[in-house]
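work.pdb follows (PDB, N, CA and C atoms):
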```
MODEL        1
ATOM      1  N   MET A 215     -11.681   8.012  13.727
ATOM      2  CA  MET A 215     -12.657   8.866  14.347
ATOM      3  C   MET A 215     -13.688   9.293  13.307
ATOM      4  N   ILE A 216     -14.950   9.168  13.669
ATOM      5  CA  ILE A 216     -16.023   9.573  12.781
ATOM      6  C   ILE A 216     -16.628  10.851  13.330
ATOM      7  N   GLU A 217     -16.656  11.879  12.497
ATOM      8  CA  GLU A 217     -17.176  13.176  12.872
ATOM      9  C   GLU A 217     -18.577  13.329  12.301
ATOM     10  N   THR A 218     -19.509  13.803  13.100
ATOM     11  CA  THR A 218     -20.865  14.042  12.638
ATOM     12  C   THR A 218     -21.059  15.538  12.441
ATOM     13  N   LEU A 219     -21.510  15.911  11.258
ATOM     14  CA  LEU A 219     -21.760  17.318  10.938
ATOM     15  C   LEU A 219     -23.230  17.500  10.612
ATOM     16  N   ASP A 220     -23.767  18.649  10.948
ATOM     17  CA  ASP A 220     -25.141  18.992  10.596
ATOM     18  C   ASP A 220     -25.077  19.952   9.414
ATOM     19  N   ILE A 221     -25.241  19.394   8.211
ATOM     20  CA  ILE A 221     -25.097  20.167   6.976
ATOM     21  C   ILE A 221     -26.393  20.039   6.177
ATOM     22  N   PRO A 222     -26.954  21.141   5.717
ATOM     23  CA  PRO A 222     -28.112  21.030   4.824
ATOM     24  C   PRO A 222     -27.699  20.268   3.555
ATOM     25  N   GLU A 223     -28.533  19.344   3.140
ATOM     26  CA  GLU A 223     -28.195  18.522   1.974
ATOM     27  C   GLU A 223     -27.874  19.370   0.747
ATOM     28  N   ARG A 224     -28.539  20.489   0.582
ATOM     29  CA  ARG A 224     -28.299  21.345  -0.587
ATOM     30  C   ARG A 224     -26.884  21.934  -0.596
ATOM     31  N   ASP A 225     -26.246  22.013   0.582
ATOM     32  CA  ASP A 225     -24.907  22.590   0.689
ATOM     33  C   ASP A 225     -23.800  21.539   0.749
ATOM     34  N   ALA A 226     -24.177  20.283   0.830
ATOM     35  CA  ALA A 226     -23.193  19.222   1.070
ATOM     36  C   ALA A 226     -22.093  19.183   0.020
ATOM     37  N   GLN A 227     -22.453  19.247  -1.250
ATOM     38  CA  GLN A 227     -21.453  19.110  -2.317
ATOM     39  C   GLN A 227     -20.338  20.142  -2.168
ATOM     40  N   GLU A 228     -20.703  21.394  -1.957
ATOM     41  CA  GLU A 228     -19.693  22.452  -1.842
ATOM     42  C   GLU A 228     -18.864  22.311  -0.567
ATOM     43  N   ILE A 229     -19.502  21.964   0.523
ATOM     44  CA  ILE A 229     -18.772  21.798   1.785
ATOM     45  C   ILE A 229     -17.809  20.618   1.686
ATOM     46  N   PHE A 230     -18.244  19.528   1.079
ATOM     47  CA  PHE A 230     -17.364  18.370   0.905
ATOM     48  C   PHE A 230     -16.172  18.743   0.030
ATOM     49  N   PHE A 231     -16.426  19.509  -1.023
ATOM     50  CA  PHE A 231     -15.347  19.931  -1.911
ATOM     51  C   PHE A 231     -14.355  20.821  -1.166
ATOM     52  N   GLU A 232     -14.869  21.778  -0.387
ATOM     53  CA  GLU A 232     -14.005  22.676   0.383
ATOM     54  C   GLU A 232     -13.133  21.920   1.380
ATOM     55  N   ARG A 233     -13.654  20.836   1.940
ATOM     56  CA  ARG A 233     -12.909  20.049   2.933
ATOM     57  C   ARG A 233     -11.992  19.005   2.285
ATOM     58  N   GLY A 234     -12.005  18.903   0.968
ATOM     59  CA  GLY A 234     -11.156  17.938   0.287
ATOM     60  C   GLY A 234     -11.681  16.519   0.354
ATOM     61  N   TRP A 235     -12.987  16.359   0.551
ATOM     62  CA  TRP A 235     -13.596  15.034   0.664
ATOM     63  C   TRP A 235     -14.104  14.516  -0.673
ATOM     64  N   THR A 236     -13.982  15.304  -1.729
ATOM     65  CA  THR A 236     -14.443  14.885  -3.044
ATOM     66  C   THR A 236     -13.585  15.581  -4.098
ATOM     67  N   ASP A 237     -13.552  14.984  -5.254
ATOM     68  CA  ASP A 237     -12.808  15.581  -6.363
ATOM     69  C   ASP A 237     -13.726  16.427  -7.239
ATOM     70  N   GLY A 238     -14.939  16.666  -6.753
ATOM     71  CA  GLY A 238     -15.899  17.462  -7.507
ATOM     72  C   GLY A 238     -17.013  16.633  -8.101
ATOM     73  N   LEU A 239     -16.846  15.316  -8.122
ATOM     74  CA  LEU A 239     -17.929  14.458  -8.605
ATOM     75  C   LEU A 239     -19.067  14.481  -7.583
ATOM     76  N   PRO A 240     -20.287  14.198  -8.010
ATOM     77  CA  PRO A 240     -21.414  14.224  -7.081
ATOM     78  C   PRO A 240     -21.209  13.269  -5.905
ATOM     79  N   VAL A 241     -21.640  13.712  -4.742
ATOM     80  CA  VAL A 241     -21.523  12.945  -3.507
ATOM     81  C   VAL A 241     -22.903  12.817  -2.878
ATOM     82  N   VAL A 242     -23.227  11.622  -2.429
ATOM     83  CA  VAL A 242     -24.463  11.404  -1.681
ATOM     84  C   VAL A 242     -24.147  11.666  -0.216
ATOM     85  N   MET A 243     -24.952  12.463   0.434
ATOM     86  CA  MET A 243     -24.745  12.805   1.837
ATOM     87  C   MET A 243     -24.852  11.537   2.690
ATOM     88  N   PRO A 244     -23.806  11.222   3.467
ATOM     89  CA  PRO A 244     -23.832  10.002   4.285
ATOM     90  C   PRO A 244     -24.569  10.229   5.610
ATOM     91  N   THR A 245     -25.890  10.295   5.533
ATOM     92  CA  THR A 245     -26.689  10.486   6.739
ATOM     93  C   THR A 245     -26.630   9.229   7.600
ATOM     94  N   ALA A 246     -26.964   9.371   8.861
ATOM     95  CA  ALA A 246     -26.967   8.217   9.772
ATOM     96  C   ALA A 246     -27.879   7.110   9.252
ATOM     97  N   ASP A 247     -29.044   7.474   8.714
ATOM     98  CA  ASP A 247     -29.971   6.465   8.190
ATOM     99  C   ASP A 247     -29.391   5.743   6.980
ATOM    100  N   ARG A 248     -28.742   6.470   6.091
ATOM    101  CA  ARG A 248     -28.160   5.846   4.894
ATOM    102  C   ARG A 248     -26.996   4.924   5.259
ATOM    103  N   VAL A 249     -26.176   5.355   6.205
ATOM    104  CA  VAL A 249     -25.054   4.515   6.640
ATOM    105  C   VAL A 249     -25.583   3.266   7.340
ATOM    106  N   ALA A 250     -26.609   3.421   8.172
ATOM    107  CA  ALA A 250     -27.204   2.266   8.852
ATOM    108  C   ALA A 250     -27.793   1.283   7.840
ATOM    109  N   ALA A 251     -28.436   1.797   6.798
ATOM    110  CA  ALA A 251     -28.986   0.927   5.756
ATOM    111  C   ALA A 251     -27.881   0.188   5.014
ATOM    112  N   MET A 252     -26.752   0.869   4.782
ATOM    113  CA  MET A 252     -25.620   0.236   4.099
ATOM    114  C   MET A 252     -25.059  -0.889   4.966
ATOM    115  N   LEU A 253     -24.870  -0.619   6.254
ATOM    116  CA  LEU A 253     -24.358  -1.645   7.168
ATOM    117  C   LEU A 253     -25.313  -2.829   7.232
ATOM    118  N   ALA A 254     -26.617  -2.557   7.284
ATOM    119  CA  ALA A 254     -27.603  -3.639   7.302
ATOM    120  C   ALA A 254     -27.537  -4.450   6.011
ATOM    121  N   GLY A 255     -27.355  -3.752   4.886
ATOM    122  CA  GLY A 255     -27.242  -4.442   3.599
ATOM    123  C   GLY A 255     -26.047  -5.373   3.545
ATOM    124  N   GLY A 256     -24.997  -5.021   4.277
ATOM    125  CA  GLY A 256     -23.803  -5.858   4.316
ATOM    126  C   GLY A 256     -23.805  -6.862   5.455
ATOM    127  N   GLY A 257     -24.789  -6.739   6.347
ATOM    128  CA  GLY A 257     -24.880  -7.660   7.473
ATOM    129  C   GLY A 257     -23.703  -7.544   8.431
ATOM    130  N   VAL A 258     -23.199  -6.312   8.621
ATOM    131  CA  VAL A 258     -22.032  -6.101   9.481
ATOM    132  C   VAL A 258     -22.326  -5.054  10.545
ATOM    133  N   ASP A 259     -21.596  -5.124  11.633
ATOM    134  CA  ASP A 259     -21.655  -4.105  12.666
ATOM    135  C   ASP A 259     -20.700  -2.982  12.301
ATOM    136  N   ALA A 260     -21.018  -1.777  12.716
ATOM    137  CA  ALA A 260     -20.215  -0.603  12.378
ATOM    138  C   ALA A 260     -18.762  -0.734  12.813
ATOM    139  N   ASP A 261     -18.526  -1.331  13.969
ATOM    140  CA  ASP A 261     -17.166  -1.400  14.508
ATOM    141  C   ASP A 261     -16.375  -2.622  14.048
ATOM    142  N   GLU A 262     -16.945  -3.432  13.161
ATOM    143  CA  GLU A 262     -16.219  -4.597  12.649
ATOM    144  C   GLU A 262     -15.009  -4.140  11.841
ATOM    145  N   VAL A 263     -13.854  -4.680  12.159
ATOM    146  CA  VAL A 263     -12.624  -4.333  11.440
ATOM    147  C   VAL A 263     -12.520  -5.219  10.209
ATOM    148  N   LEU A 264     -12.413  -4.575   9.051
ATOM    149  CA  LEU A 264     -12.294  -5.311   7.788
ATOM    150  C   LEU A 264     -10.845  -5.655   7.480
ATOM    151  N   GLY A 265      -9.939  -4.865   7.990
ATOM    152  CA  GLY A 265      -8.521  -5.091   7.746
ATOM    153  C   GLY A 265      -7.731  -3.847   8.081
ATOM    154  N   ALA A 266      -6.447  -3.950   7.863
ATOM    155  CA  ALA A 266      -5.572  -2.826   8.204
ATOM    156  C   ALA A 266      -4.395  -2.771   7.248
ATOM    157  N   VAL A 267      -3.788  -1.596   7.206
ATOM    158  CA  VAL A 267      -2.532  -1.382   6.497
ATOM    159  C   VAL A 267      -1.576  -0.854   7.562
ATOM    160  N   PRO A 268      -0.901  -1.760   8.277
ATOM    161  CA  PRO A 268      -0.060  -1.342   9.403
ATOM    162  C   PRO A 268       0.986  -0.300   9.047
ATOM    163  N   ALA A 269       1.607  -0.413   7.888
ATOM    164  CA  ALA A 269       2.649   0.539   7.502
ATOM    165  C   ALA A 269       2.095   1.956   7.352
ATOM    166  N   ARG A 270       0.804   2.075   7.084
ATOM    167  CA  ARG A 270       0.154   3.393   6.949
ATOM    168  C   ARG A 270      -0.580   3.778   8.234
ATOM    169  N   ARG A 271      -0.544   2.875   9.216
ATOM    170  CA  ARG A 271      -1.264   3.077  10.485
ATOM    171  C   ARG A 271      -2.742   3.344  10.253
ATOM    172  N   ARG A 272      -3.339   2.525   9.400
ATOM    173  CA  ARG A 272      -4.750   2.685   9.064
ATOM    174  C   ARG A 272      -5.488   1.373   9.289
ATOM    175  N   THR A 273      -6.641   1.491   9.909
ATOM    176  CA  THR A 273      -7.545   0.365  10.087
ATOM    177  C   THR A 273      -8.855   0.738   9.418
ATOM    178  N   VAL A 274      -9.427  -0.195   8.684
ATOM    179  CA  VAL A 274     -10.679   0.060   7.978
ATOM    180  C   VAL A 274     -11.791  -0.691   8.689
ATOM    181  N   THR A 275     -12.760   0.067   9.172
ATOM    182  CA  THR A 275     -13.926  -0.541   9.811
ATOM    183  C   THR A 275     -15.089  -0.574   8.822
ATOM    184  N   ALA A 276     -16.087  -1.361   9.165
ATOM    185  CA  ALA A 276     -17.280  -1.423   8.324
ATOM    186  C   ALA A 276     -17.960  -0.067   8.252
ATOM    187  N   ALA A 277     -17.926   0.695   9.342
ATOM    188  CA  ALA A 277     -18.549   2.026   9.334
ATOM    189  C   ALA A 277     -17.865   2.942   8.327
ATOM    190  N   LEU A 278     -16.540   2.958   8.313
ATOM    191  CA  LEU A 278     -15.824   3.799   7.350
ATOM    192  C   LEU A 278     -16.116   3.361   5.924
ATOM    193  N   ALA A 279     -16.178   2.052   5.696
ATOM    194  CA  ALA A 279     -16.491   1.551   4.362
ATOM    195  C   ALA A 279     -17.910   1.945   3.974
ATOM    196  N   ALA A 280     -18.848   1.859   4.913
ATOM    197  CA  ALA A 280     -20.242   2.202   4.624
ATOM    198  C   ALA A 280     -20.391   3.682   4.306
ATOM    199  N   ILE A 281     -19.722   4.531   5.055
ATOM    200  CA  ILE A 281     -19.783   5.970   4.800
ATOM    201  C   ILE A 281     -19.287   6.272   3.389
ATOM    202  N   ASN A 282     -18.164   5.694   3.025
ATOM    203  CA  ASN A 282     -17.610   5.935   1.690
ATOM    204  C   ASN A 282     -18.487   5.337   0.603
ATOM    205  N   ALA A 283     -19.078   4.176   0.866
ATOM    206  CA  ALA A 283     -19.969   3.559  -0.119
ATOM    207  C   ALA A 283     -21.203   4.428  -0.347
ATOM    208  N   VAL A 284     -21.768   4.964   0.722
ATOM    209  CA  VAL A 284     -22.922   5.868   0.584
ATOM    210  C   VAL A 284     -22.532   7.072  -0.252
ATOM    211  N   MET A 285     -21.412   7.707   0.082
ATOM    212  CA  MET A 285     -20.986   8.909  -0.636
ATOM    213  C   MET A 285     -20.761   8.629  -2.116
ATOM    214  N   ALA A 286     -20.358   7.408  -2.447
ATOM    215  CA  ALA A 286     -20.106   7.049  -3.844
ATOM    216  C   ALA A 286     -21.374   6.640  -4.583
ATOM    217  N   GLY A 287     -22.498   6.531  -3.848
ATOM    218  CA  GLY A 287     -23.751   6.161  -4.496
ATOM    219  C   GLY A 287     -24.006   4.668  -4.560
ATOM    220  N   CYS A 288     -23.261   3.892  -3.793
ATOM    221  CA  CYS A 288     -23.446   2.433  -3.758
ATOM    222  C   CYS A 288     -24.820   2.092  -3.181
ATOM    223  N   ARG A 289     -25.438   1.063  -3.696
ATOM    224  CA  ARG A 289     -26.706   0.581  -3.141
ATOM    225  C   ARG A 289     -26.411  -0.405  -2.017
ATOM    226  N   PRO A 290     -27.224  -0.418  -0.960
ATOM    227  CA  PRO A 290     -26.984  -1.346   0.147
ATOM    228  C   PRO A 290     -26.908  -2.813  -0.269
ATOM    229  N   ASP A 291     -27.674  -3.195  -1.288
ATOM    230  CA  ASP A 291     -27.626  -4.598  -1.710
ATOM    231  C   ASP A 291     -26.336  -4.933  -2.462
ATOM    232  N   TYR A 292     -25.554  -3.937  -2.843
ATOM    233  CA  TYR A 292     -24.238  -4.179  -3.459
ATOM    234  C   TYR A 292     -23.113  -4.151  -2.430
ATOM    235  N   PHE A 293     -23.411  -3.693  -1.224
ATOM    236  CA  PHE A 293     -22.371  -3.513  -0.217
ATOM    237  C   PHE A 293     -21.629  -4.811   0.143
ATOM    238  N   PRO A 294     -22.259  -5.992   0.132
ATOM    239  CA  PRO A 294     -21.474  -7.206   0.389
ATOM    240  C   PRO A 294     -20.306  -7.387  -0.586
ATOM    241  N   ILE A 295     -20.475  -6.931  -1.817
ATOM    242  CA  ILE A 295     -19.388  -7.034  -2.800
ATOM    243  C   ILE A 295     -18.259  -6.073  -2.420
ATOM    244  N   VAL A 296     -18.622  -4.874  -1.987
ATOM    245  CA  VAL A 296     -17.623  -3.895  -1.539
ATOM    246  C   VAL A 296     -16.855  -4.465  -0.347
ATOM    247  N   LEU A 297     -17.575  -5.069   0.592
ATOM    248  CA  LEU A 297     -16.924  -5.657   1.765
ATOM    249  C   LEU A 297     -15.957  -6.768   1.370
ATOM    250  N   ALA A 298     -16.381  -7.633   0.463
ATOM    251  CA  ALA A 298     -15.508  -8.730   0.019
ATOM    252  C   ALA A 298     -14.249  -8.187  -0.658
ATOM    253  N   ALA A 299     -14.414  -7.161  -1.479
ATOM    254  CA  ALA A 299     -13.262  -6.572  -2.160
ATOM    255  C   ALA A 299     -12.309  -5.930  -1.156
ATOM    256  N   LEU A 300     -12.851  -5.202  -0.198
ATOM    257  CA  LEU A 300     -11.995  -4.570   0.809
ATOM    258  C   LEU A 300     -11.251  -5.611   1.638
ATOM    259  N   ARG A 301     -11.956  -6.647   2.046
ATOM    260  CA  ARG A 301     -11.289  -7.701   2.837
ATOM    261  C   ARG A 301     -10.153  -8.332   2.042
ATOM    262  N   ALA A 302     -10.380  -8.555   0.754
ATOM    263  CA  ALA A 302      -9.337  -9.144  -0.083
ATOM    264  C   ALA A 302      -8.155  -8.184  -0.233
ATOM    265  N   MET A 303      -8.445  -6.921  -0.460
ATOM    266  CA  MET A 303      -7.374  -5.940  -0.647
ATOM    267  C   MET A 303      -6.604  -5.663   0.641
ATOM    268  N   LEU A 304      -7.249  -5.867   1.782
ATOM    269  CA  LEU A 304      -6.586  -5.614   3.058
ATOM    270  C   LEU A 304      -5.918  -6.869   3.621
ATOM    271  N   ASP A 305      -5.996  -7.967   2.905
ATOM    272  CA  ASP A 305      -5.277  -9.181   3.297
ATOM    273  C   ASP A 305      -3.783  -8.890   3.173
ATOM    274  N   PRO A 306      -2.992  -9.191   4.196
ATOM    275  CA  PRO A 306      -1.550  -8.906   4.136
ATOM    276  C   PRO A 306      -0.853  -9.509   2.915
ATOM    277  N   LEU A 307      -1.355 -10.619   2.393
ATOM    278  CA  LEU A 307      -0.734 -11.233   1.216
ATOM    279  C   LEU A 307      -0.856 -10.359  -0.032
ATOM    280  N   TRP A 308      -1.861  -9.488  -0.076
ATOM    281  CA  TRP A 308      -2.039  -8.630  -1.241
ATOM    282  C   TRP A 308      -1.106  -7.422  -1.191
ATOM    283  N   ASN A 309      -0.648  -7.057  -0.005
ATOM    284  CA  ASN A 309       0.271  -5.934   0.189
ATOM    285  C   ASN A 309      -0.346  -4.600  -0.251
ATOM    286  N   ALA A 310      -1.407  -4.217   0.449
ATOM    287  CA  ALA A 310      -2.082  -2.958   0.130
ATOM    288  C   ALA A 310      -1.127  -1.777   0.231
ATOM    289  N   ASN A 311      -0.194  -1.815   1.167
ATOM    290  CA  ASN A 311       0.746  -0.704   1.304
ATOM    291  C   ASN A 311       1.527  -0.494   0.006
ATOM    292  N   GLY A 312       1.944  -1.548  -0.628
ATOM    293  CA  GLY A 312       2.676  -1.425  -1.886
ATOM    294  C   GLY A 312       1.836  -0.778  -2.967
ATOM    295  N   ALA A 313       0.567  -1.161  -3.047
ATOM    296  CA  ALA A 313      -0.313  -0.584  -4.066
ATOM    297  C   ALA A 313      -0.681   0.852  -3.739
ATOM    298  N   LEU A 314      -0.856   1.148  -2.464
ATOM    299  CA  LEU A 314      -1.295   2.487  -2.056
ATOM    300  C   LEU A 314      -0.178   3.523  -2.096
ATOM    301  N   THR A 315       1.064   3.079  -2.048
ATOM    302  CA  THR A 315       2.169   4.031  -2.009
ATOM    303  C   THR A 315       3.050   3.966  -3.247
ATOM    304  N   SER A 316       2.604   3.273  -4.259
ATOM    305  CA  SER A 316       3.385   3.126  -5.475
ATOM    306  C   SER A 316       3.528   4.450  -6.213
ATOM    307  N   THR A 317       4.719   4.708  -6.715
ATOM    308  CA  THR A 317       4.916   5.872  -7.577
ATOM    309  C   THR A 317       4.810   5.474  -9.044
ATOM    310  N   GLY A 318       4.493   4.209  -9.266
ATOM    311  CA  GLY A 318       4.404   3.707 -10.633
ATOM    312  C   GLY A 318       2.995   3.604 -11.170
ATOM    313  N   GLY A 319       2.038   4.225 -10.512
ATOM    314  CA  GLY A 319       0.674   4.214 -11.036
ATOM    315  C   GLY A 319      -0.065   2.920 -10.820
ATOM    316  N   SER A 320       0.171   2.267  -9.701
ATOM    317  CA  SER A 320      -0.496   1.014  -9.410
ATOM    318  C   SER A 320      -2.021   1.199  -9.349
ATOM    319  N   ALA A 321      -2.744   0.230  -9.878
ATOM    320  CA  ALA A 321      -4.209   0.256  -9.826
ATOM    321  C   ALA A 321      -4.729  -1.157  -9.624
ATOM    322  N   ALA A 322      -5.857  -1.278  -8.970
ATOM    323  CA  ALA A 322      -6.464  -2.583  -8.734
ATOM    324  C   ALA A 322      -7.693  -2.727  -9.627
ATOM    325  N   CYS A 323      -7.904  -3.920 -10.112
ATOM    326  CA  CYS A 323      -9.077  -4.228 -10.923
ATOM    327  C   CYS A 323      -9.813  -5.361 -10.227
ATOM    328  N   ILE A 324     -11.071  -5.164  -9.972
ATOM    329  CA  ILE A 324     -11.884  -6.179  -9.311
ATOM    330  C   ILE A 324     -13.000  -6.585 -10.258
ATOM    331  N   LEU A 325     -13.078  -7.852 -10.561
ATOM    332  CA  LEU A 325     -14.131  -8.377 -11.447
ATOM    333  C   LEU A 325     -15.166  -9.084 -10.604
ATOM    334  N   VAL A 326     -16.418  -8.794 -10.876
ATOM    335  CA  VAL A 326     -17.530  -9.416 -10.139
ATOM    336  C   VAL A 326     -18.339 -10.223 -11.121
TER     337      VAL A 326
ENDMDL
END
```

Write out the structure in this file as structure tokens.
Amino acid sequence: MIETLDIPERDAQEIFFERGWTDGLPVVMPTADRVAAMLAGGGVDADEVLGAVPARRRTVTAALAAINAVMAGCRPDYFPIVLAALRAMLDPLWNANGALTSTGGSAACILV
């Protein structure tokens, strides 16, 4: 579910922090225009499913990836790389659930 909030850009950082959406690092406000530009940069529709982690009951859509990419400061022309990485990580052969729930400090490294 995607929730739309009407937040003044000047207040976004604090509101995101209060809601637990950031660790305090700067966040770019994911406006509808910015998310649409990110999706266009990746050549994907918002509802396209990139993959899932069934054990976590999570499905990742292009819209969710675009929102997070905007918030992280990704440029739309880099978004195809983000999409490729997500698709690879969500491939069942990679076992995203194992990496996401590891108590051993699992981390992924992606080289471009």

Option closest in space to Leu278 in chain A, from A:Ala266, A:Ala260, A:Leu300, A:Ala251 [counting only N, CA and C atoms]: A:Ala260

Please, which residues are within 8 Å of (-2.8, -0.7, 5.3) by the file's coordinates, counting only N, CA and C atoms, and could they come as a PyMOL selection string? chain A and resi 265-274+303-304+309-312

Contacts of range 284-293 of chain A at 8 Å (only N, CA and C atoms; same-chain gap of 6+ positions) as number ranges by chain: A: 240-245, 248-249, 251-257, 278, 299

Name the residues within 8 Å of (-16.2, -4.0, 8.0), counting only N, CA and C atoms in the file's coordinates, and put them as a PDB file with N, CA and C atoms, in the coordinates of the input.
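Listing of out.pdb after writing:
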```
ATOM      1  N   VAL A 258     -23.199  -6.312   8.621  1.00  0.00           N
ATOM      2  CA  VAL A 258     -22.032  -6.101   9.481  1.00  0.00           C
ATOM      3  C   VAL A 258     -22.326  -5.054  10.545  1.00  0.00           C
ATOM      4  N   ASP A 259     -21.596  -5.124  11.633  1.00  0.00           N
ATOM      5  CA  ASP A 259     -21.655  -4.105  12.666  1.00  0.00           C
ATOM      6  C   ASP A 259     -20.700  -2.982  12.301  1.00  0.00           C
ATOM      7  N   ALA A 260     -21.018  -1.777  12.716  1.00  0.00           N
ATOM      8  CA  ALA A 260     -20.215  -0.603  12.378  1.00  0.00           C
ATOM      9  C   ALA A 260     -18.762  -0.734  12.813  1.00  0.00           C
ATOM     10  N   ASP A 261     -18.526  -1.331  13.969  1.00  0.00           N
ATOM     11  CA  ASP A 261     -17.166  -1.400  14.508  1.00  0.00           C
ATOM     12  C   ASP A 261     -16.375  -2.622  14.048  1.00  0.00           C
ATOM     13  N   GLU A 262     -16.945  -3.432  13.161  1.00  0.00           N
ATOM     14  CA  GLU A 262     -16.219  -4.597  12.649  1.00  0.00           C
ATOM     15  C   GLU A 262     -15.009  -4.140  11.841  1.00  0.00           C
ATOM     16  N   VAL A 263     -13.854  -4.680  12.159  1.00  0.00           N
ATOM     17  CA  VAL A 263     -12.624  -4.333  11.440  1.00  0.00           C
ATOM     18  C   VAL A 263     -12.520  -5.219  10.209  1.00  0.00           C
ATOM     19  N   LEU A 264     -12.413  -4.575   9.051  1.00  0.00           N
ATOM     20  CA  LEU A 264     -12.294  -5.311   7.788  1.00  0.00           C
ATOM     21  C   LEU A 264     -10.845  -5.655   7.480  1.00  0.00           C
ATOM     22  N   GLY A 265      -9.939  -4.865   7.990  1.00  0.00           N
ATOM     23  CA  GLY A 265      -8.521  -5.091   7.746  1.00  0.00           C
ATOM     24  C   GLY A 265      -7.731  -3.847   8.081  1.00  0.00           C
ATOM     25  N   VAL A 274      -9.427  -0.195   8.684  1.00  0.00           N
ATOM     26  CA  VAL A 274     -10.679   0.060   7.978  1.00  0.00           C
ATOM     27  C   VAL A 274     -11.791  -0.691   8.689  1.00  0.00           C
ATOM     28  N   THR A 275     -12.760   0.067   9.172  1.00  0.00           N
ATOM     29  CA  THR A 275     -13.926  -0.541   9.811  1.00  0.00           C
ATOM     30  C   THR A 275     -15.089  -0.574   8.822  1.00  0.00           C
ATOM     31  N   ALA A 276     -16.087  -1.361   9.165  1.00  0.00           N
ATOM     32  CA  ALA A 276     -17.280  -1.423   8.324  1.00  0.00           C
ATOM     33  C   ALA A 276     -17.960  -0.067   8.252  1.00  0.00           C
ATOM     34  N   ALA A 277     -17.926   0.695   9.342  1.00  0.00           N
ATOM     35  CA  ALA A 277     -18.549   2.026   9.334  1.00  0.00           C
ATOM     36  C   ALA A 277     -17.865   2.942   8.327  1.00  0.00           C
ATOM     37  N   LEU A 278     -16.540   2.958   8.313  1.00  0.00           N
ATOM     38  CA  LEU A 278     -15.824   3.799   7.350  1.00  0.00           C
ATOM     39  C   LEU A 278     -16.116   3.361   5.924  1.00  0.00           C
ATOM     40  N   ALA A 279     -16.178   2.052   5.696  1.00  0.00           N
ATOM     41  CA  ALA A 279     -16.491   1.551   4.362  1.00  0.00           C
ATOM     42  C   ALA A 279     -17.910   1.945   3.974  1.00  0.00           C
ATOM     43  N   ALA A 280     -18.848   1.859   4.913  1.00  0.00           N
ATOM     44  CA  ALA A 280     -20.242   2.202   4.624  1.00  0.00           C
ATOM     45  C   ALA A 280     -20.391   3.682   4.306  1.00  0.00           C
ATOM     46  N   LEU A 297     -17.575  -5.069   0.592  1.00  0.00           N
ATOM     47  CA  LEU A 297     -16.924  -5.657   1.765  1.00  0.00           C
ATOM     48  C   LEU A 297     -15.957  -6.768   1.370  1.00  0.00           C
ATOM     49  N   ARG A 301     -11.956  -6.647   2.046  1.00  0.00           N
ATOM     50  CA  ARG A 301     -11.289  -7.701   2.837  1.00  0.00           C
ATOM     51  C   ARG A 301     -10.153  -8.332   2.042  1.00  0.00           C
TER      52      ARG A 301
END
```

Quick check, in Å to one decimal: how far apart do atom N of Ile229 in chain A and atom C of Ile281 in chain A lie?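 The value is 16.0 Å.
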
DSSP-assigned alpha helix (DSSP H) among chain A, expressed as a PyMOL selection string: chain A and resi 226-232+246-256+276-286+293-303+310-314

One number please: CA of Asp247 in chain A to CA of Pro294 in chain A, in Å, one decimal.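 If I compute the distance from CA of Asp247 in chain A to CA of Pro294 in chain A, I get 17.9 Å.
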
Atom pair atom N of Leu325 in chain A / CA of Leu307 in chain A: separation (Å):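 The value is 17.4 Å.
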
Can you work out which one of A:Ser316, A:Glu223, A:Glu217, A:Asn282 has the shortest atom-to-atom distance to Thr236 in chain A, counting only C-alpha atoms?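 Of all the options, A:Asn282 lies closest to Thr236 in chain A.
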
DSSP-assigned strand (DSSP E or B) among range 241-297 of chain A, expressed as a list of chain:residue names: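 DSSP-assigned strand (DSSP E or B) residues in range 241-297 of chain A: A:Val263, A:Leu264, A:Gly265, A:Ala266, A:Val267, A:Arg272, A:Thr273, A:Val274, A:Thr275.
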
Neighbour list for Gly238 in chain A as a count of residues only, cut-off 8 Å, only N, CA and C atoms, skip fewer than 5 positions in-chain: 3
